[in-house]
Amino acid sequence: MQVYLPIAEMSADALLLIGIGFGVGWLSGLFGVGGGFLLTPLLILIGIPSPVAVASGANQTLGASVSGLIAQWRRGNVDARMGGVLLVGGLLGSFAGVQLFALLRRIGQVDTAVSLFYVVVLGTVGVLMVMESARAILRRRRSVRRRLHAHYWMHGLPLKARFRKSRLYISVIPPVLVGFGIGVLSAVMGVGGGFMLVPAMIYFIGMPTAVVIGTSLFQVVFVAANVTLLQAVQVGSVDILLTLLLLGGGVAGAQFGAALGTRLRGEETRALLGLMVLGVAVSLLWGLVRRPDNLFSLGPAL
Amino acid sequence: MTRLLLLLFLSLAPVAGAAAQEASLVADLSDRGIEVSTGFTGADLLVFGATDAPIGPGGDEILVVVRGPTRPVVVRRKVRALGVIWVNGPAARFSGVPGFYAIAGTRPAWQILPEQERQNNGLGLDALPLVSTGARNPHFRAALLDLEKESGLWLEDAATVEIGANRLFHVRVPLPAAVPTGDYRVEVLLVRSRRIHTRQEMEFRVDRVGVADRIATVAEAQPLVYGVGCVLLAAFAGWFGSVLFRRG
């Protein structure tokens, strides 16, 4: 069933889009991440122009994360104060990211830059995740008594604040920086950034795992909303019809994925997610290094 | 369908014959407005007409040209950066590039017109007046032609003008799903003894309608409102979907 996407100005198979939404939603429910890092490359692969794929991907991530946020909020798993600090960085970062994106588009390097960002970020995160979970699986029997959290020198910087839910008394500079970085990536890659934010919150900020998912969803929802808004105003590349088709499949898939996810152990899930992230990075890297079939490409003059 | 059209032509023929006292060529379009809705997958435009003298081998020839709205485009060539990855390198900017171009004839234009005449009238993809700034290399022009042909938006002799009953002609011009919106110009040329004898110009529009149009219009005219709408709609759809599909 073909449907005409008004902003992408092309017609695409609606069932294929719903199917992609379902598949990505299923995986994201299984692993508890937004799935934007799979969605945007898939959209580009089926021929959606990069700017539209990135902007609509961010819009879809927003929708896919809302219900998770509501659920976590009800259970009291959101550290709103930490979320707010992260968000300050996130909003600034996404603003900077959209400027960068608009600049890349003007000089005609969007496709390469988006792929490159994906390769570097997903490659790094994937390797770290696989290593970490492999170590955890090997070490499972020896239970080590852990400290509440490790203190880095950065935590002792000025502007200290108390985060009661996270049981932390640290400088606000690390969370603002983390939020900023994720915001930039969110704008350029069209992802929510949950797959980077969660490890950063655990290992870098030192938050307890119980509030990590809820707080990261808090940041993801608002940053994705900001990216959607800025992309719509500055680049004009949010395709609401595309977003809604993807969401239609996505929210259904997420419920099935989440049901399966509760039956898997944490380390195995993380290892699988890490391998999948690595797989996407490698396939995008291949797209960058292999000689293109057609060296020439056509784009609108801006 | 073809038979139906022939019937239509035959019923038109006396009218055409009467009009031919003044004009040696009459032509019309099946549609003056193509509507792009959310279900749009492309359309066919029928160009048809009649002449006052026999068309075909040994007689007159017909050429039909459809030109879409123009826009500036950039053609980029990928180069190897740092010896590893392929990035966009030199670029050429072409202004006034038609977003759609189709030419069809009873025979290809180069067979029925002298080269000079064909070039002067922009009949054929290699006769399009494409001026570029930036990288000066004929490869860019050739690449533009290839890419546009590949997208199905530039058609050269994709269909031939069919002749019926000696003086009637018709051709079906395919408009793909990616056809740009705007004003289109259709030119029908009557070629007699290797010269353009008569030409008739017509116009039609390609317009987005319905939901597709409303979305595109709001996104263009009020991007802020559109952005806020996208945020709210996605949030609502996400929440509603999770309620709808909740298991257990």
# chains A, B, ... in the order shown; residues from 1 in each chain; ligands from 1
$ interface_residues --of "chain A" --to "chain B" --cutoff "6 Å" --atoms "only C-alpha atoms" --output "PDB file with N, CA and C atoms, in the first residue's frame"
ATOM      1  N   VAL A   3       1.908   5.153   0.105  1.00  0.00           N
ATOM      2  CA  VAL A   3       1.404   6.385   0.685  1.00  0.00           C
ATOM      3  C   VAL A   3       2.386   7.500   0.347  1.00  0.00           C
ATOM      4  N   TYR A   4       1.828   8.680   0.044  1.00  0.00           N
ATOM      5  CA  TYR A   4       2.665   9.810  -0.345  1.00  0.00           C
ATOM      6  C   TYR A   4       3.065  10.593   0.901  1.00  0.00           C
ATOM      7  N   PRO A   6       4.269  13.819   2.481  1.00  0.00           N
ATOM      8  CA  PRO A   6       4.228  15.192   1.966  1.00  0.00           C
ATOM      9  C   PRO A   6       5.521  15.979   2.137  1.00  0.00           C
ATOM     10  N   MET A  10       7.835  12.040  -1.541  1.00  0.00           N
ATOM     11  CA  MET A  10       8.005  10.770  -2.240  1.00  0.00           C
ATOM     12  C   MET A  10       6.937   9.821  -1.728  1.00  0.00           C
ATOM     13  N   GLY A  63       7.705  10.139  20.623  1.00  0.00           N
ATOM     14  CA  GLY A  63       6.461   9.415  20.833  1.00  0.00           C
ATOM     15  C   GLY A  63       6.692   8.076  21.513  1.00  0.00           C
ATOM     16  N   ALA A  64       7.754   7.362  21.068  1.00  0.00           N
ATOM     17  CA  ALA A  64       8.010   6.026  21.608  1.00  0.00           C
ATOM     18  C   ALA A  64       8.427   6.074  23.073  1.00  0.00           C
ATOM     19  N   VAL A  66       7.398   8.432  25.376  1.00  0.00           N
ATOM     20  CA  VAL A  66       6.439   9.081  26.277  1.00  0.00           C
ATOM     21  C   VAL A  66       5.793   8.091  27.238  1.00  0.00           C
ATOM     22  N   SER A  67       5.314   6.955  26.688  1.00  0.00           N
ATOM     23  CA  SER A  67       4.593   6.028  27.562  1.00  0.00           C
ATOM     24  C   SER A  67       5.525   5.443  28.614  1.00  0.00           C
ATOM     25  N   ALA A 225      11.783  16.344  21.740  1.00  0.00           N
ATOM     26  CA  ALA A 225      10.775  17.359  21.443  1.00  0.00           C
ATOM     27  C   ALA A 225      11.448  18.625  20.924  1.00  0.00           C
ATOM     28  N   LEU A 229      11.158  20.291  17.146  1.00  0.00           N
ATOM     29  CA  LEU A 229      10.741  21.675  16.965  1.00  0.00           C
ATOM     30  C   LEU A 229      11.764  22.450  16.131  1.00  0.00           C
ATOM     31  N   ALA A 232      11.935  21.282  12.549  1.00  0.00           N
ATOM     32  CA  ALA A 232      10.762  21.731  11.800  1.00  0.00           C
ATOM     33  C   ALA A 232      10.922  23.194  11.394  1.00  0.00           C
ATOM     34  N   VAL A 233      11.444  24.019  12.320  1.00  0.00           N
ATOM     35  CA  VAL A 233      11.544  25.453  12.051  1.00  0.00           C
ATOM     36  C   VAL A 233      12.723  25.761  11.133  1.00  0.00           C
ATOM     37  N   VAL A 251       4.780   1.318  18.764  1.00  0.00           N
ATOM     38  CA  VAL A 251       4.220   1.134  20.112  1.00  0.00           C
ATOM     39  C   VAL A 251       3.687  -0.289  20.289  1.00  0.00           C
ATOM     40  N   ALA A 252       3.170  -0.885  19.205  1.00  0.00           N
ATOM     41  CA  ALA A 252       2.710  -2.269  19.299  1.00  0.00           C
ATOM     42  C   ALA A 252       3.900  -3.195  19.527  1.00  0.00           C
ATOM     43  N   LEU A 288      30.567   3.623   3.929  1.00  0.00           N
ATOM     44  CA  LEU A 288      31.448   4.789   3.764  1.00  0.00           C
ATOM     45  C   LEU A 288      32.724   4.448   3.021  1.00  0.00           C
ATOM     46  N   VAL A 289      33.270   3.260   3.249  1.00  0.00           N
ATOM     47  CA  VAL A 289      34.587   2.955   2.676  1.00  0.00           C
ATOM     48  C   VAL A 289      34.494   2.301   1.303  1.00  0.00           C
ATOM     49  N   LEU A 295      29.354   7.855  -8.440  1.00  0.00           N
ATOM     50  CA  LEU A 295      30.125   8.845  -7.702  1.00  0.00           C
ATOM     51  C   LEU A 295      29.373  10.164  -7.588  1.00  0.00           C
ATOM     52  N   PHE A 296      28.422  10.376  -8.486  1.00  0.00           N
ATOM     53  CA  PHE A 296      27.710  11.655  -8.498  1.00  0.00           C
ATOM     54  C   PHE A 296      26.403  11.554  -7.737  1.00  0.00           C
ATOM     55  N   SER A 297      26.022  12.631  -7.099  1.00  0.00           N
ATOM     56  CA  SER A 297      24.715  12.670  -6.457  1.00  0.00           C
ATOM     57  C   SER A 297      24.080  14.027  -6.710  1.00  0.00           C
ATOM     58  N   LEU A 298      22.768  14.039  -6.580  1.00  0.00           N
ATOM     59  CA  LEU A 298      21.987  15.217  -6.930  1.00  0.00           C
ATOM     60  C   LEU A 298      21.294  15.735  -5.681  1.00  0.00           C
ATOM     61  N   GLY A 299      21.342  17.042  -5.477  1.00  0.00           N
ATOM     62  CA  GLY A 299      20.650  17.588  -4.313  1.00  0.00           C
ATOM     63  C   GLY A 299      20.081  18.947  -4.637  1.00  0.00           C
ATOM     64  N   PRO A 300      19.103  19.396  -3.828  1.00  0.00           N
ATOM     65  CA  PRO A 300      18.570  20.729  -4.053  1.00  0.00           C
ATOM     66  C   PRO A 300      19.606  21.784  -3.677  1.00  0.00           C
ATOM     67  N   ALA A 301      19.688  22.860  -4.442  1.00  0.00           N
ATOM     68  CA  ALA A 301      20.608  23.945  -4.114  1.00  0.00           C
ATOM     69  C   ALA A 301      19.975  24.794  -3.020  1.00  0.00           C
TER      70      ALA A 301
END
$ residues_around --residues "Asp157 in chain B" --least-positions-apart "2" --cutoff "9 Å" --atoms "only C-alpha atoms" --output "PDB file with C-alpha atoms, in the first residue's frame"
ATOM      1  CA  ALA B 102       9.502  14.568 -21.199  1.00  0.00           C
ATOM      2  CA  ILE B 103       9.809  14.495 -24.942  1.00  0.00           C
ATOM      3  CA  ALA B 104       8.058  12.074 -27.240  1.00  0.00           C
ATOM      4  CA  GLY B 105       7.532  12.030 -30.980  1.00  0.00           C
ATOM      5  CA  ARG B 107       9.971   9.458 -34.292  1.00  0.00           C
ATOM      6  CA  PRO B 108      12.894  10.684 -32.132  1.00  0.00           C
ATOM      7  CA  ALA B 109      13.472  14.417 -32.492  1.00  0.00           C
ATOM      8  CA  GLY B 124      15.876  16.446 -26.311  1.00  0.00           C
ATOM      9  CA  LEU B 155      12.040  11.039 -20.155  1.00  0.00           C
ATOM     10  CA  ALA B 159       6.742   6.563 -25.241  1.00  0.00           C
ATOM     11  CA  THR B 160       6.104   7.180 -28.915  1.00  0.00           C
ATOM     12  CA  VAL B 161       3.335   9.336 -30.260  1.00  0.00           C
TER      13      VAL B 161
END
$ closest_residue --among "A:Leu86, A:Ala281, A:Ile240, A:Ala210" --to "Arg167 in chain A" --atoms "only C-alpha atoms"
A:Ala210
$ select_by_dssp --residues "range 141-288 of chain A" --states "strand (DSSP E)" --output "count of residues only"
8
$ residues_around --residues "Leu275 in chain A" --least-positions-apart "4" --cutoff "8 Å" --atoms "only C-alpha atoms" --output "PyMOL selection string"
chain A and resi 126+130+271+279
$ atom_distance --atom1 "CA of Gly25 in chain A" --atom2 "CA of Gly261 in chain A"
12.3 Å
$ closest_residue --among "B:Lys149, B:Ala158, B:Gly96, B:Val64" --to "Ser132 in chain B" --atoms "only C-alpha atoms"
B:Gly96
$ residues_around --residues "Leu273 in chain A" --least-positions-apart "3" --cutoff "8 Å" --atoms "only C-alpha atoms" --output "list in words"
Phe31, Gly126, Met129, Thr269, Arg270, Met276 and Val277 of chain A
$ atom_distance --atom1 "CA of Leu125 in chain B" --atom2 "CA of Ala43 in chain B"
21.8 Å
